[in-house]
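Q: Next up, start16.cif (mmCIF, C-alpha atoms and all ligand atoms).
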data_coords
#
loop_
_atom_site.label_atom_id
_atom_site.label_comp_id
_atom_site.auth_asym_id
_atom_site.auth_seq_id
_atom_site.Cartn_x
_atom_site.Cartn_y
_atom_site.Cartn_z
CA MET Y 192 16.17 -23.14 79.30
CA LEU Y 193 14.48 -19.76 79.67
CA PRO Y 194 15.10 -18.11 83.06
CA LEU Y 195 11.65 -16.56 83.32
CA HIS Y 196 12.15 -15.43 86.92
CA GLU Y 197 15.10 -13.26 85.84
CA LEU Y 198 13.19 -11.47 83.12
CA LYS Y 199 11.06 -8.35 83.18
CA GLY Y 200 7.29 -8.62 82.74
CA GLU Y 201 7.43 -6.96 79.35
CA GLU Y 202 10.01 -9.46 78.11
CA ILE Y 203 7.99 -12.38 79.38
CA TYR Y 204 4.98 -11.02 77.53
CA ARG Y 205 6.94 -10.89 74.24
CA ILE Y 206 8.25 -14.40 74.84
CA ARG Y 207 4.70 -15.66 75.36
CA VAL Y 208 3.49 -14.03 72.16
CA ALA Y 209 6.38 -15.65 70.28
CA CYS Y 210 5.53 -19.02 71.83
CA ALA Y 211 1.93 -18.62 70.75
CA PHE Y 212 3.08 -18.23 67.14
CA LEU Y 213 5.50 -21.15 67.25
CA PHE Y 214 3.50 -23.48 69.51
CA SER Y 215 0.01 -22.79 70.75
CA VAL Y 216 -1.74 -20.25 72.93
CA GLU Y 217 -2.22 -22.84 75.68
CA GLN Y 218 1.44 -23.77 75.70
CA ALA Y 219 2.45 -20.10 75.68
CA ARG Y 220 0.47 -19.61 78.90
CA ASP Y 221 2.10 -22.58 80.59
CA ASP Y 222 5.11 -21.33 82.60
CA ALA Y 223 6.64 -24.77 82.98
CA PHE Y 224 6.44 -25.36 79.24
CA VAL Y 225 8.01 -22.00 78.37
CA ALA Y 226 10.78 -22.32 80.96
CA ARG Y 227 11.79 -25.74 79.63
CA LEU Y 228 12.20 -24.65 76.01
CA ASP Y 229 15.55 -25.16 74.36
CA LEU Y 230 17.01 -24.16 71.00
CA GLU Y 231 16.43 -27.58 69.45
CA ARG Y 232 12.75 -27.60 70.34
CA VAL Y 233 12.18 -24.03 69.21
CA THR Y 234 13.97 -24.65 65.93
CA ARG Y 235 11.91 -27.77 65.28
CA ALA Y 236 8.69 -25.84 65.86
CA PHE Y 237 9.95 -23.06 63.63
CA ARG Y 238 10.65 -25.49 60.79
CA GLU Y 239 7.19 -26.98 61.05
CA LYS Y 240 5.50 -23.59 61.02
CA ALA Y 241 7.72 -22.29 58.24
CA LYS Y 242 6.65 -25.27 56.17
CA ARG Y 243 3.00 -24.61 56.89
CA TYR Y 244 3.13 -20.92 55.97
CA HIS Y 245 5.82 -20.72 53.32
CA PRO Y 246 4.13 -19.19 50.25
CA ASP Y 247 6.42 -21.08 47.84
CA LEU Y 248 4.97 -24.34 49.05
CA HIS Y 249 1.43 -23.29 48.29
CA ARG Y 250 1.81 -21.63 44.94
CA ASP Y 251 -1.52 -22.85 43.57
CA GLU Y 252 -3.59 -21.12 46.20
CA PRO Y 253 -5.48 -17.87 45.58
CA ARG Y 254 -3.41 -14.70 45.94
CA GLU Y 255 -5.18 -13.54 49.02
CA MET Y 256 -4.40 -16.78 50.81
CA ILE Y 257 -0.74 -16.58 49.79
CA GLU Y 258 -0.54 -13.03 51.16
CA ARG Y 259 -1.96 -14.20 54.45
CA ARG Y 260 0.59 -16.99 54.61
CA LYS Y 261 3.38 -14.49 53.97
CA GLU Y 262 2.23 -12.31 56.83
CA ARG Y 263 2.02 -15.25 59.15
CA LEU Y 264 5.45 -16.45 58.07
CA LEU Y 265 6.95 -13.06 58.97
CA LYS Y 266 5.45 -13.33 62.45
CA VAL Y 267 6.80 -16.86 62.79
CA MET Y 268 10.27 -15.64 61.74
CA ASP Y 269 10.22 -12.77 64.23
CA SER Y 270 9.09 -15.14 66.97
CA TYR Y 271 11.88 -17.54 66.16
CA ASP Y 272 14.48 -14.74 66.18
CA LEU Y 273 13.24 -13.50 69.53
CA LEU Y 274 13.30 -16.89 71.23
CA ARG Y 275 16.65 -17.71 69.68
CA SER Y 276 18.15 -14.52 71.08
CA TYR Y 277 17.22 -15.69 74.59
CA LEU Y 278 18.34 -19.26 74.04
CA ARG Y 279 21.59 -18.63 72.19
CA THR Y 280 24.45 -20.28 74.01
CA ASP Y 281 27.43 -19.13 71.98
CA PRO Y 282 29.87 -17.89 74.62
CA GLY Y 283 31.76 -15.93 71.97
CA ARG Y 284 28.88 -13.47 71.95
CA GLU Y 285 28.69 -13.06 75.68
CA GLY Y 286 28.45 -9.52 76.94
CA GLU Y 287 28.26 -8.07 73.48
CA PRO Y 288 26.08 -5.07 72.79
CA ALA Y 289 22.74 -6.14 71.40
CA SER Y 290 22.26 -3.82 68.47
CA ALA Y 291 23.13 -5.24 65.07
CA GLU Y 292 25.20 -2.17 64.22
CA ALA Y 293 27.30 -2.48 67.34
CA ARG Y 294 27.92 -6.14 66.61
CA LYS Y 295 29.52 -5.43 63.23
CA ARG Y 296 33.01 -5.45 64.54
CA LEU Y 297 34.73 -8.58 63.27
CA ILE Y 298 35.95 -8.01 59.73
CA ALA Y 299 37.60 -10.71 57.62
CA VAL Y 300 39.60 -10.10 54.46
CA GLY Y 301 39.96 -12.98 52.02
CA GLY Y 302 39.77 -13.47 48.28
CA ALA Y 303 42.12 -14.17 45.42
CA LYS Y 304 45.53 -15.62 46.13
CA GLY Y 305 48.88 -13.90 46.62
CA GLY Y 306 50.03 -10.45 45.76
CA ILE Y 307 46.80 -8.56 45.09
CA GLY Y 308 46.90 -6.28 48.14
CA LYS Y 309 44.78 -8.03 50.79
CA SER Y 310 47.24 -7.62 53.64
CA LEU Y 311 48.00 -4.06 52.67
CA PHE Y 312 44.27 -3.35 52.66
CA ALA Y 313 43.76 -4.99 56.06
CA ALA Y 314 46.70 -3.11 57.58
CA ASN Y 315 45.61 0.25 56.20
CA LEU Y 316 41.98 -0.28 57.19
CA GLY Y 317 43.26 -0.91 60.70
CA VAL Y 318 45.38 2.25 60.65
CA LEU Y 319 42.47 4.30 59.29
CA LEU Y 320 40.03 3.10 61.95
CA SER Y 321 42.63 3.58 64.61
CA SER Y 322 43.24 7.18 63.45
CA ARG Y 323 39.51 7.79 63.92
CA GLY Y 324 39.79 6.85 67.56
CA TYR Y 325 38.77 3.20 67.47
CA ARG Y 326 40.65 0.49 69.26
CA VAL Y 327 41.68 -1.93 66.54
CA VAL Y 328 43.34 -5.33 66.60
CA LEU Y 329 44.66 -6.96 63.42
CA VAL Y 330 45.09 -10.71 63.31
CA ASP Y 331 47.27 -12.44 60.73
CA LEU Y 332 45.68 -15.79 59.87
CA ASP Y 333 47.29 -16.11 56.46
CA LEU Y 334 48.99 -19.45 56.25
CA GLY Y 335 52.29 -19.40 54.48
CA GLY Y 336 52.05 -15.71 53.64
CA ALA Y 337 52.04 -14.10 57.06
CA ASN Y 338 53.43 -10.63 56.41
CA LEU Y 339 50.91 -8.27 57.96
CA HIS Y 340 53.51 -7.14 60.49
CA LEU Y 341 55.69 -5.74 57.70
CA TYR Y 342 52.91 -3.43 56.57
CA LEU Y 343 52.71 -2.10 60.11
CA GLY Y 344 56.39 -1.35 60.27
CA LYS Y 345 57.44 -4.46 62.22
CA THR Y 346 60.26 -6.60 60.93
CA TYR Y 347 60.47 -8.62 64.10
CA LEU Y 348 57.64 -9.98 66.25
CA PRO Y 349 58.51 -10.84 69.83
CA ARG Y 350 55.34 -12.97 70.01
CA CYS Y 351 52.77 -14.18 67.53
CA ILE Y 352 49.62 -16.24 67.10
CA ASN Y 353 51.56 -19.49 67.25
CA ASP Y 354 52.30 -18.79 70.91
CA PHE Y 355 48.58 -19.00 71.51
CA LEU Y 356 47.93 -21.89 69.12
CA GLU Y 357 50.74 -23.90 70.71
CA LYS Y 358 49.47 -23.04 74.18
CA ARG Y 359 52.50 -21.08 75.34
CA THR Y 360 50.19 -18.19 76.21
CA PRO Y 361 46.76 -18.86 77.70
CA ARG Y 362 45.11 -15.75 76.29
CA ILE Y 363 45.17 -14.61 72.69
CA GLU Y 364 45.81 -11.04 73.88
CA ASP Y 365 49.16 -12.20 75.24
CA ALA Y 366 50.28 -12.73 71.65
CA LEU Y 367 49.57 -9.09 70.82
CA THR Y 368 52.24 -6.59 69.81
CA GLU Y 369 51.60 -2.86 69.83
CA THR Y 370 52.44 -0.95 66.66
CA GLN Y 371 53.40 2.69 66.24
CA TYR Y 372 50.54 3.25 63.77
CA GLY Y 373 47.73 2.55 66.18
CA PRO Y 374 46.37 -0.97 65.76
CA GLY Y 375 47.46 -3.81 67.98
CA LEU Y 376 48.77 -6.79 66.01
CA ILE Y 377 48.51 -10.49 66.58
CA GLY Y 378 51.00 -11.47 63.95
CA GLY Y 379 51.69 -14.73 62.18
CA ASP Y 380 54.79 -16.72 61.45
CA SER Y 381 54.76 -18.48 58.08
CA SER Y 382 57.67 -20.67 58.98
CA ARG Y 383 55.57 -22.43 61.59
CA PHE Y 384 52.42 -24.49 61.70
CA GLY Y 385 49.72 -21.97 60.75
CA ALA Y 386 46.16 -21.18 61.70
CA ALA Y 387 44.86 -22.99 58.60
CA ASN Y 388 46.10 -26.34 59.86
CA ILE Y 389 44.71 -26.52 63.35
CA GLY Y 390 42.19 -29.15 64.45
CA PHE Y 391 38.50 -28.67 65.12
CA SER Y 392 38.54 -27.87 68.82
CA ARG Y 393 41.44 -25.47 68.54
CA LYS Y 394 39.70 -23.71 65.69
CA ILE Y 395 36.55 -23.26 67.78
CA LYS Y 396 38.66 -22.00 70.64
CA LEU Y 397 40.51 -19.59 68.35
CA ILE Y 398 37.26 -18.20 66.91
CA LYS Y 399 35.81 -17.72 70.39
CA SER Y 400 38.99 -16.04 71.60
CA ILE Y 401 39.04 -13.72 68.60
CA LYS Y 402 35.41 -12.77 69.21
CA ARG Y 403 36.22 -11.92 72.80
CA ILE Y 404 39.16 -9.63 72.02
CA ASP Y 405 38.53 -6.33 73.73
CA ALA Y 406 38.53 -3.88 70.81
CA ASP Y 407 36.12 -1.87 68.71
CA TYR Y 408 37.21 -3.62 65.54
CA VAL Y 409 39.06 -6.84 64.94
CA ILE Y 410 40.35 -7.35 61.40
CA LEU Y 411 41.42 -10.79 60.17
CA ASP Y 412 43.83 -11.13 57.27
CA LEU Y 413 43.00 -14.53 55.82
CA GLY Y 414 44.96 -14.58 52.60
CA GLY Y 415 43.44 -16.34 49.59
CA ASP Y 416 43.41 -19.79 51.09
CA THR Y 417 40.17 -21.76 50.72
CA SER Y 418 40.89 -24.49 53.28
CA PHE Y 419 38.04 -25.29 55.67
CA ASN Y 420 39.54 -23.50 58.63
CA ILE Y 421 40.20 -20.29 56.75
CA ILE Y 422 36.68 -20.36 55.29
CA ASP Y 423 35.31 -20.90 58.79
CA PHE Y 424 37.14 -17.80 60.02
CA PHE Y 425 35.61 -15.92 57.10
CA LEU Y 426 32.12 -17.16 57.95
CA SER Y 427 32.51 -16.26 61.60
CA ALA Y 428 33.05 -12.58 60.74
CA ASP Y 429 30.31 -9.95 60.81
CA ILE Y 430 31.67 -8.44 57.60
CA GLY Y 431 33.33 -10.71 55.03
CA ILE Y 432 35.40 -8.81 52.48
CA VAL Y 433 36.52 -10.59 49.31
CA MET Y 434 39.27 -8.94 47.39
CA ALA Y 435 40.14 -9.26 43.71
CA THR Y 436 41.69 -7.30 40.88
CA CYS Y 437 40.48 -6.86 37.33
CA ASP Y 438 42.73 -9.69 36.12
CA PRO Y 439 40.74 -12.77 35.14
CA ALA Y 440 42.91 -15.08 37.26
CA ALA Y 441 42.28 -12.95 40.34
CA TYR Y 442 38.56 -12.43 39.91
CA LEU Y 443 37.95 -16.09 39.11
CA GLU Y 444 39.79 -17.00 42.31
CA ALA Y 445 37.77 -14.47 44.26
CA TYR Y 446 34.56 -15.94 42.85
CA ASN Y 447 35.79 -19.37 43.83
CA PHE Y 448 36.40 -18.12 47.36
CA ILE Y 449 32.81 -16.80 47.51
CA LYS Y 450 31.50 -20.14 46.22
CA VAL Y 451 33.53 -22.35 48.54
CA ALA Y 452 32.43 -20.25 51.52
CA LEU Y 453 28.76 -20.57 50.58
CA TYR Y 454 29.05 -24.33 50.09
CA ARG Y 455 30.69 -24.56 53.48
CA LYS Y 456 27.99 -22.42 55.08
CA LEU Y 457 25.29 -24.69 53.67
CA ASN Y 458 27.05 -27.86 54.76
CA ARG Y 459 27.39 -26.41 58.25
CA ILE Y 460 23.66 -25.92 58.79
CA PHE Y 461 23.92 -28.74 61.27
CA GLY Y 462 26.25 -29.71 63.99
CA GLU Y 463 28.30 -27.93 66.57
CA GLU Y 464 29.20 -25.02 64.39
CA SER Y 465 25.67 -24.17 63.43
CA ASP Y 466 24.03 -21.43 65.41
CA LEU Y 467 20.65 -22.97 64.69
CA GLY Y 468 20.95 -25.73 67.25
CA LEU Y 469 19.93 -28.46 64.82
CA LYS Y 470 20.71 -32.14 64.98
CA LYS Y 471 22.06 -33.58 61.78
CA ASP Y 472 19.38 -34.44 59.24
CA GLU Y 473 20.88 -37.06 56.90
CA ARG Y 474 18.46 -36.50 54.06
CA LEU Y 475 19.01 -32.77 53.96
CA ALA Y 476 22.77 -33.25 54.32
CA ARG Y 477 22.70 -35.55 51.28
CA LEU Y 478 20.61 -33.10 49.31
CA ILE Y 479 23.06 -30.27 50.03
CA ALA Y 480 26.03 -32.49 49.22
CA ARG Y 481 24.45 -33.39 45.88
CA VAL Y 482 24.48 -29.76 44.79
CA THR Y 483 27.64 -28.56 46.48
CA SER Y 484 29.92 -31.43 45.47
CA PRO Y 485 28.84 -32.65 42.04
CA ALA Y 486 30.69 -35.74 40.83
CA ASP Y 487 33.88 -35.14 38.86
CA GLY Y 488 33.36 -33.70 35.44
CA ARG Y 489 29.79 -32.63 36.09
CA ARG Y 490 28.81 -29.07 35.47
CA ALA Y 491 28.38 -26.78 38.46
CA ILE Y 492 24.82 -26.95 39.72
CA PRO Y 493 23.03 -23.66 40.34
CA MET Y 494 21.72 -23.05 43.83
CA SER Y 495 18.25 -22.56 42.41
CA GLU Y 496 18.21 -26.34 41.85
CA LEU Y 497 18.89 -26.91 45.53
CA VAL Y 498 16.00 -24.62 46.42
CA GLU Y 499 13.73 -26.39 43.95
CA ALA Y 500 14.79 -29.84 45.17
CA ALA Y 501 14.18 -28.76 48.76
CA ARG Y 502 10.75 -27.47 47.80
CA LYS Y 503 9.83 -30.87 46.42
CA GLU Y 504 11.68 -33.28 48.69
CA GLN Y 505 12.30 -31.38 51.91
CA PRO Y 506 9.65 -28.70 52.32
CA GLN Y 507 10.29 -28.49 56.05
CA ASN Y 508 13.85 -27.34 55.27
CA LEU Y 509 13.16 -25.01 52.37
CA PHE Y 510 13.04 -22.00 54.60
CA LEU Y 511 16.30 -22.88 56.28
CA ILE Y 512 18.14 -23.10 52.98
CA GLN Y 513 16.68 -19.83 51.77
CA GLN Y 514 17.71 -18.22 55.03
CA VAL Y 515 21.32 -19.33 54.57
CA LEU Y 516 21.33 -18.01 51.01
CA GLN Y 517 19.82 -14.69 52.00
CA SER Y 518 22.05 -14.12 54.99
CA TYR Y 519 25.21 -14.66 52.98
CA ARG Y 520 26.35 -11.21 51.75
CA PRO Y 521 30.04 -11.16 50.82
CA LYS Y 522 31.48 -7.71 50.11
CA LEU Y 523 33.62 -7.32 47.02
CA VAL Y 524 36.58 -4.92 46.82
CA LEU Y 525 38.60 -4.48 43.64
CA ASN Y 526 42.20 -3.39 44.01
CA LEU Y 527 44.90 -2.16 41.63
CA VAL Y 528 42.25 -0.45 39.55
CA GLU Y 529 43.42 1.58 36.56
CA ASP Y 530 40.29 1.78 34.46
CA GLN Y 531 36.88 2.49 35.97
CA SER Y 532 34.85 1.02 33.13
CA ILE Y 533 36.77 -2.28 33.20
CA MET Y 534 36.31 -2.29 36.96
CA MET Y 535 32.54 -1.86 36.70
CA ASP Y 536 32.44 -4.60 34.11
CA VAL Y 537 34.39 -7.03 36.31
CA ALA Y 538 32.32 -6.24 39.40
CA GLY Y 539 29.12 -6.66 37.39
CA ARG Y 540 30.26 -10.00 36.05
CA ILE Y 541 31.11 -11.39 39.49
CA GLN Y 542 27.76 -10.18 40.83
CA GLU Y 543 25.86 -11.69 37.94
CA VAL Y 544 27.48 -15.12 38.14
CA ALA Y 545 27.02 -15.17 41.91
CA ARG Y 546 23.36 -14.33 41.49
CA LYS Y 547 22.77 -16.90 38.76
CA MET Y 548 24.84 -19.76 40.08
CA LEU Y 549 24.87 -19.19 43.83
CA SER Y 550 21.62 -17.25 44.37
CA THR Y 551 23.89 -14.90 46.32
CA THR Y 552 23.99 -11.12 46.37
CA VAL Y 553 27.56 -9.87 46.29
CA ASP Y 554 27.79 -6.25 47.43
CA PHE Y 555 30.37 -4.36 45.44
CA VAL Y 556 31.63 -1.95 48.10
CA GLY Y 557 34.36 -0.09 46.26
CA CYS Y 558 37.79 -0.06 44.73
CA LEU Y 559 41.34 1.06 45.38
CA PRO Y 560 43.47 2.63 42.69
CA LEU Y 561 46.81 1.30 41.57
CA GLU Y 562 49.22 3.82 42.99
CA ALA Y 563 52.99 4.07 42.90
CA GLN Y 564 52.93 5.58 46.37
CA VAL Y 565 51.24 2.46 47.75
CA GLN Y 566 53.89 0.25 46.25
CA HIS Y 567 56.55 2.49 47.72
CA SER Y 568 54.91 2.45 51.15
CA ALA Y 569 54.90 -1.34 51.09
CA ARG Y 570 58.63 -1.30 50.45
CA THR Y 571 59.41 1.25 53.13
CA LEU Y 572 57.16 -0.53 55.67
CA THR Y 573 55.07 2.57 56.38
CA PRO Y 574 51.29 2.38 55.96
CA VAL Y 575 50.24 4.74 53.20
CA THR Y 576 47.18 5.77 55.23
CA ALA Y 577 49.50 7.07 57.96
CA GLN Y 578 51.79 8.73 55.41
CA SER Y 579 49.02 10.41 53.41
CA PRO Y 580 45.79 10.38 55.39
CA GLN Y 581 44.15 12.60 52.75
CA GLY Y 582 45.60 10.66 49.81
CA LEU Y 583 43.82 8.70 47.13
CA TYR Y 584 44.25 5.28 48.74
CA ALA Y 585 43.07 6.53 52.14
CA SER Y 586 40.02 8.27 50.71
CA HIS Y 587 38.99 5.18 48.74
CA LEU Y 588 39.52 3.10 51.85
CA ALA Y 589 37.30 5.44 53.90
CA ALA Y 590 34.59 5.17 51.24
CA ILE Y 591 34.75 1.35 51.42
CA ALA Y 592 34.59 1.42 55.21
CA LYS Y 593 31.48 3.57 55.04
CA GLU Y 594 29.89 1.34 52.43
CA VAL Y 595 30.28 -1.80 54.53
CA GLY Y 596 28.70 -0.04 57.49
CA ILE Y 597 31.75 0.86 59.55
CA ARG Y 598 31.18 4.15 61.32
CA THR Y 599 34.32 6.08 60.36
CA GLY Y 600 33.28 9.59 61.27
CA VAL Y 601 33.98 9.88 64.96
N1 LIG B 1 46.62 -0.13 45.47
C1 LIG B 1 47.85 -0.54 45.22
N2 LIG B 1 48.65 0.16 44.39
C2 LIG B 1 49.90 -0.25 44.10
N3 LIG B 1 50.44 -1.37 44.59
C3 LIG B 1 49.70 -2.11 45.40
C4 LIG B 1 48.38 -1.75 45.77
N4 LIG B 1 47.89 -2.70 46.60
C5 LIG B 1 48.87 -3.62 46.73
N5 LIG B 1 49.97 -3.27 46.01
C6 LIG B 1 51.24 -4.01 45.90
O1 LIG B 1 50.97 -5.39 46.01
C7 LIG B 1 51.92 -5.99 46.87
C8 LIG B 1 51.29 -7.18 47.54
O2 LIG B 1 50.32 -6.77 48.51
P1 LIG B 1 49.85 -7.71 49.68
O3 LIG B 1 48.90 -6.89 50.49
O4 LIG B 1 50.98 -8.31 50.39
O5 LIG B 1 49.05 -8.81 48.87
P2 LIG B 1 48.30 -10.14 49.41
O6 LIG B 1 48.06 -9.97 50.86
O7 LIG B 1 47.06 -10.17 48.60
O8 LIG B 1 49.21 -11.25 49.09
C9 LIG B 1 52.32 -4.88 47.80
O9 LIG B 1 53.61 -5.07 48.29
C10 LIG B 1 52.25 -3.66 46.96
O10 LIG B 1 53.49 -3.44 46.33
MG MG B 2 48.73 -11.29 52.39
#
Could you write out this structure as structure tokens?

A:
Amino acid sequence: MLPLHELKGEEIYRIRVACAFLFSVEQARDDAFVARLDLERVTRAFREKAKRYHPDLHRDEPREMIERRKERLLKVMDSYDLLRSYLRTDPGREGEPASAEARKRLIAVGGAKGGIGKSLFAANLGVLLSSRGYRVVLVDLDLGGANLHLYLGKTYLPRCINDFLEKRTPRIEDALTETQYGPGLIGGDSSRFGAANIGFSRKIKLIKSIKRIDADYVILDLGGDTSFNIIDFFLSADIGIVMATCDPAAYLEAYNFIKVALYRKLNRIFGEESDLGLKKDERLARLIARVTSPADGRRAIPMSELVEAARKEQPQNLFLIQQVLQSYRPKLVLNLVEDQSIMMDVAGRIQEVARKMLSTTVDFVGCLPLEAQVQHSARTLTPVTAQSPQGLYASHLAAIAKEVGIRTGV
């Protein structure tokens, strides 16, 4: 429902223009029609219009006509975005600043499995941002390997995320422990039932609670787990960082993490977790499943085949699939780097395979050198960024933060 009476005249005008693009001029003028709109209805109209104007569906037409379709499609997309922003019902976003830059505050760190420096990176990123004056909260969601607290100088946690998951504390903030290095910490306890194992409704509640944490930046340490819940935490973040090293085992795992997350994102187009407000479409769900879970022994199917199949069989959904693919931009960080040329080679390879097989752009946002001092800091439970704020690790970290769009210069 659109509360027209609460909106300013200028906003109502923009809403009417958007309605004219997605529906008709007559309907856009009809107050009762506009006020009754919901996300489902708007999305349905968007899909129909996207099908009508999508240039890929009319490849045989003259160039001029295709250009006109493109222009119209852009208007339809803008209209959809505008109406969606008014109709969005996700309470996790309530009260958030509207600008895209200001919204980039939830950062998730995942990637290859154990021992490649993910937690150390998350902890030090938190310390760095905190030293620049930001209020930072770190959350340990790593099942089985919860050790973020150690990297923030804490050997004992009086409370942790399990207190919230097991309903001993009503608010997630009650599970927070202050640290001497700046960031607040919602720590984990590997010996107990972890965040990766919780059921659907508790996961939704956890994601909403995390999004509502009152801080400038919230950093999630996910570990290298690719279970559904962990991947869902990754997808809920504004910035998804995938960490690897130059070892084949690690970068293949990191690629796998990127792939599993994309498959999950595609399979979640529908249903409660989708922000598109769509009812499940069985035919599209089957089409996506065909590409994302090929039968045993079959080769991996490139995403371009999904796009092509959608173009032929599901033109009304082509745009939706392309939107998911385009909006998925994992950020790659390589750690323990000793040789720059090997590093560039590894990053290039991951990017190329992701482009070819997943139609995904992976942004390579930087590296961290292998440093004896870092190893030592991990042993002495003192963040290296606090110990040597001008050191090599800290300066690389600052460069990465800048590259992913975090404003570090306060
Ligand atoms: N840049 C680095 N240079 C040297 N050692 C590092 C670096 N990054 C991580 N390490 C070492 O790797 C160990 C594992 O790091 P950790 O962050 O716990 O990995 P993960 O979270 O990926 O399991 C650390 O204890 C530290 O000794
Ligand atoms: Mg870890």

Q: To one decimal place in Å, what is the distance between atom CA of Ile449 of chain Y and atom CA of Gly302 of chain Y?

A: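 The value is 7.8 Å.
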
Q: List all protein, DNA and RNA residues that have any atom at most 7 Å from ligand LIG 1 (chain B), counting only C-alpha atoms and all ligand atoms, and write the list as a PDB file with C-alpha atoms, in the coordinates of the input.

A:
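Below is the file part-v7.pdb, written as the result:
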ATOM      1  CA  LYS Y 304      45.530 -15.620  46.130  1.00  0.00           C
ATOM      2  CA  GLY Y 305      48.880 -13.900  46.620  1.00  0.00           C
ATOM      3  CA  GLY Y 306      50.030 -10.450  45.760  1.00  0.00           C
ATOM      4  CA  ILE Y 307      46.800  -8.560  45.090  1.00  0.00           C
ATOM      5  CA  GLY Y 308      46.900  -6.280  48.140  1.00  0.00           C
ATOM      6  CA  LYS Y 309      44.780  -8.030  50.790  1.00  0.00           C
ATOM      7  CA  SER Y 310      47.240  -7.620  53.640  1.00  0.00           C
ATOM      8  CA  LEU Y 311      48.000  -4.060  52.670  1.00  0.00           C
ATOM      9  CA  PHE Y 312      44.270  -3.350  52.660  1.00  0.00           C
ATOM     10  CA  GLY Y 336      52.050 -15.710  53.640  1.00  0.00           C
ATOM     11  CA  ASN Y 338      53.430 -10.630  56.410  1.00  0.00           C
ATOM     12  CA  GLY Y 414      44.960 -14.580  52.600  1.00  0.00           C
ATOM     13  CA  ASN Y 526      42.200  -3.390  44.010  1.00  0.00           C
ATOM     14  CA  LEU Y 527      44.900  -2.160  41.630  1.00  0.00           C
ATOM     15  CA  LEU Y 559      41.340   1.060  45.380  1.00  0.00           C
ATOM     16  CA  PRO Y 560      43.470   2.630  42.690  1.00  0.00           C
ATOM     17  CA  LEU Y 561      46.810   1.300  41.570  1.00  0.00           C
ATOM     18  CA  GLU Y 562      49.220   3.820  42.990  1.00  0.00           C
ATOM     19  CA  ALA Y 563      52.990   4.070  42.900  1.00  0.00           C
ATOM     20  CA  GLN Y 564      52.930   5.580  46.370  1.00  0.00           C
ATOM     21  CA  VAL Y 565      51.240   2.460  47.750  1.00  0.00           C
ATOM     22  CA  GLN Y 566      53.890   0.250  46.250  1.00  0.00           C
ATOM     23  CA  HIS Y 567      56.550   2.490  47.720  1.00  0.00           C
ATOM     24  CA  ALA Y 569      54.900  -1.340  51.090  1.00  0.00           C
ATOM     25  CA  ARG Y 570      58.630  -1.300  50.450  1.00  0.00           C
ATOM     26  CA  TYR Y 584      44.250   5.280  48.740  1.00  0.00           C
TER      27      TYR Y 584
END

Q: Grab the atom CA of Ala585 of chain Y to atom CA of Ala445 of chain Y distance for me, in Å with one decimal place.

A: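 Between atom CA of Ala585 of chain Y and atom CA of Ala445 of chain Y the gap is 23.0 Å.
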
Q: For atom CA of Arg474 of chain Y and atom CA of Gln505 of chain Y, determine how far apart the two atoms are, in Å to one decimal place.

A: 8.3 Å

Q: May I ask which of the residues Y:Leu334, Y:Ala406, Y:Val515, Y:Val537 is the closest one to ligand MG 2 (chain B), counting all atoms listed in the file?

A: Y:Leu334

Q: Write out as a list in words each polymer residue whose atoms come within 10 Å of Leu397 of chain Y, counting all atoms listed in the file; drop sequence neighbours fewer than 4 positions from it.

A: Ile352, Phe355, Leu356, Arg362, Ile363, Ala386, Ile389, Phe391, Ser392, Arg393, Ile401, Lys402, Arg403 and Phe424 of chain Y

Q: For segment 442-450 of chain Y, which lacks atoms in the input, supply N, CA and C atoms and format the output as a compact mmCIF listing (two decimals), in the frame of the given file.

A:
# COMPACT_ATOMS: atom_id res chain seq x y z
N TYR Y 442 39.99 -12.48 39.59
CA TYR Y 442 38.56 -12.43 39.91
C TYR Y 442 37.91 -13.80 39.88
N LEU Y 443 38.49 -14.71 39.08
CA LEU Y 443 37.95 -16.09 39.11
C LEU Y 443 38.26 -16.74 40.46
N GLU Y 444 39.45 -16.47 40.98
CA GLU Y 444 39.79 -17.00 42.31
C GLU Y 444 38.90 -16.41 43.39
N ALA Y 445 38.63 -15.12 43.26
CA ALA Y 445 37.77 -14.47 44.26
C ALA Y 445 36.36 -15.07 44.20
N TYR Y 446 35.88 -15.31 42.99
CA TYR Y 446 34.56 -15.94 42.85
C TYR Y 446 34.58 -17.33 43.49
N ASN Y 447 35.66 -18.04 43.24
CA ASN Y 447 35.79 -19.37 43.83
C ASN Y 447 35.75 -19.32 45.35
N PHE Y 448 36.40 -18.31 45.92
CA PHE Y 448 36.40 -18.12 47.36
C PHE Y 448 34.96 -17.92 47.86
N ILE Y 449 34.21 -17.08 47.15
CA ILE Y 449 32.81 -16.80 47.51
C ILE Y 449 31.99 -18.09 47.45
N LYS Y 450 32.25 -18.90 46.41
CA LYS Y 450 31.50 -20.14 46.22
C LYS Y 450 31.83 -21.17 47.30
